[in-house]
Structures are given as structure tokens and as C-alpha cells.
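Take a look at the structure below.
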Amino acid sequence: MRRSTKKYIASAAGIGAVAIGLPVVATAPAYAADRCEKAAVEYSLDGGQTWTSGGRMDGPKADKVAKIQVRLKNEVKNSCEYAVSLASYSAEGPTWSSSGKQAFLGWDTTKLNKQTKLATLDVSEFAPKCYGQIDLYGNGKKYDGVEKPLPHYPDAPFPKDLITAWNGGEKCETPPTTPPATTPPATTAPATTAPPTSATTAPATSKPPTSTSASPSASTSKPPTSSAPVPTSTDTQAPVGQPEVPPTTETAPPALADTGGDSNAPVVIGVSAGVLLVGGAGALLWSRRRNNGATPA
């Protein structure tokens, strides 16, 4: 009977250990890598009163678009970051097709994430004074002609990842340049002597008879002009931005993976383990009572 009692005790201890370990194993988190996706953004030109995601903002003046608020429109995953930048350029014309040679004036950049969903970008001190271009785009690269290429019509529609853009401005007023008023020195013409006149009189000559018939006159009519309208050139459509930006990080830190079970699974497993634990304790108690009541062999 002593051997039987020891066997029951070992069994009960094993059952209890299994019962205690089951909830820990069942509730252990499964980790998996999670990818960062593109994020939807929108911007405001009036200090956050109204928001939009339009791909062009050619209506306002340069000082109006030189300070822009940007924000993430939807929720993003933990530790996924998104760079947004605002750059200012001078140009030779008020439209994309007439912008000509552009020059980098300045920029501002920020990063948005789950904790920082809103930011203000300000290039007011770099705003173009005359014709210019201002771009809001979704990366942290500087398109200044050194780090990255400058925008140039028609073969370089930079920056990439464009959110929205502005072309406009007015021609710079330049003071008129007039040459200094100078009076040329007066010149005296040399005196000329009249040729001597001949004392002899030339014999009179009779004029040739004139024809009474009128000679045909040259045509004075102008060639007919074409009535077709003269074609006018139209501006090539400027680049239109998209209201989303790519992440600066491709993969977020490990997150809890979905194992397919529901949230009640740990509770059910824990209850089952408790039942097993109670059963093991009962078996141990029953073994002790039987051992106490038995007669020695």
C-alpha cells in the first residue's frame, strides 16, 4: 500500500504541474513582424479651420501657401513614420509650363506617426517674391539641385511623392533704365563754292511726243488674307499630387499575431486547468485516507 500511495502522490503532483503550466503556455503571446503601409494625409491653409486633400492649390498667393498644416487622416500602426516636406522655388513664369529655370529658396520638413499626427510646415521666409512654385510632398529629401534634382518643365516633375503644389506669382517690378541725356557737340559744315555758270545758252530741244494712250497701271490690291484663327498655345497640365505618403520605415516592430482564437480562450483553458488541479488534489486526499484505514500487510 505504501508503493500505491507514492504512486498516487506522484500522479497528483504531475497533474497539478500540468494544470499550472497550461494557462502560461496558452496565454503566451505569438509575435510577428508587421509592415507599414502608405498613409492618407490632408492639409489646411487656414490654420486648421478647413482641411482638404486636393492635388493643386494654384488659387492663393504665395504667402498663403507658404505655411501649411498637415495631418494623418487615418490611424497608423505603431512606430510607422511618414515624412512630409514643403519646398519653395523661384521661377520664370506663373505656370508649370512657363516656370523655366527654377532656383531653390528653402524648405521645411517633419515626421508624422501614431503619437504625432499633426504638424505645421513653414517656408514663409523663403516664399518667392515674384513668380514661383511651392511643393508639399511625402518624403524627407531635399530637391535643391545638390542632394536631389530641381524641378524643371517638362522633363523633371520633381519632387517625387507629391501631395499638392502651387504655381503663380507676379512679375517682379524692375525700375526702368534710361540712358543719360547727352547733347552731341555741334558741328560746322564746311563752306561750299557754287560752280561757275556757263555764259552760253544751250539750244532748246523739243520734247518727245507723249502718248495719249494710258499705260496699264500696276495693281495696288493686297493679297487676300486668311480668315482662319491663329492657334494659341495652351499650358501643359501641371503635376497633380496624391493624398497619401509612403512610410519611411518598411517594417514596424514585432506585434501580437492573430492566432485565430477568441479572447475567451485563456479563460476556458484556465478553468480546465483548475478542474484538473482539483481532481489531482482529490486523488491525493483519497489515497491518504485509504492508507490510514488499511491494515498493515
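Letters A, B, ... mark the chains of the C-alpha cells in the order given; residue numbers begin at 1 per chain; ligand numbers begin at 1, in order shown.
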- Item | 7 Å contact set for segment 85-100 of chain A, only C-alpha atoms, chain neighbours under 2 positions out, as a ChimeraX atom specification | /A:83,102-110,121,123,126-128,131-140,152-153,167-170,235-236,238
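Shortest separation to Asn78 of chain A among A:Asp63, A:Pro247, A:Asp58, A:Lys142 occurs at residue A:Pro247, atoms counted being only C-alpha atoms.
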Closest-contact table, segment 85-121 of chain A side, partner segment 38-56 of chain A, 10 Å, counting only C-alpha atoms, as CSV:
residue,atom,partner,partner_atom,distance
A:Leu112,CA,A:Ala39,CA,9.8
A:Asn113,CA,A:Ala39,CA,9.7
A:Lys117,CA,A:Val41,CA,9.5
A:Leu118,CA,A:Tyr43,CA,9.4
A:Ala119,CA,A:Tyr43,CA,9.7
A:Thr120,CA,A:Gly47,CA,8.9
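Comparing A:Val84, A:Cys130, A:Leu150, A:Val65 by their smallest distance to Leu162 of chain A, the closest is A:Val84 (using only C-alpha atoms).
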- Pick the closest to Pro151 of chain A from A:Lys73, A:Lys64, A:Lys101, A:Lys111: which is it, counting only C-alpha atoms? A:Lys101
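Residue neighbourhood of Glu37 of chain A, excluding near-sequence residues (fewer than 5 positions): Val76, Lys77, Cys80, Pro246, Pro247, Glu250 and Thr251 of chain A, at 9 Å, using only C-alpha atoms.
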- So how far away is atom CA of Val240 of chain A from atom CA of Thr164 of chain A, in Å? 6.5 Å
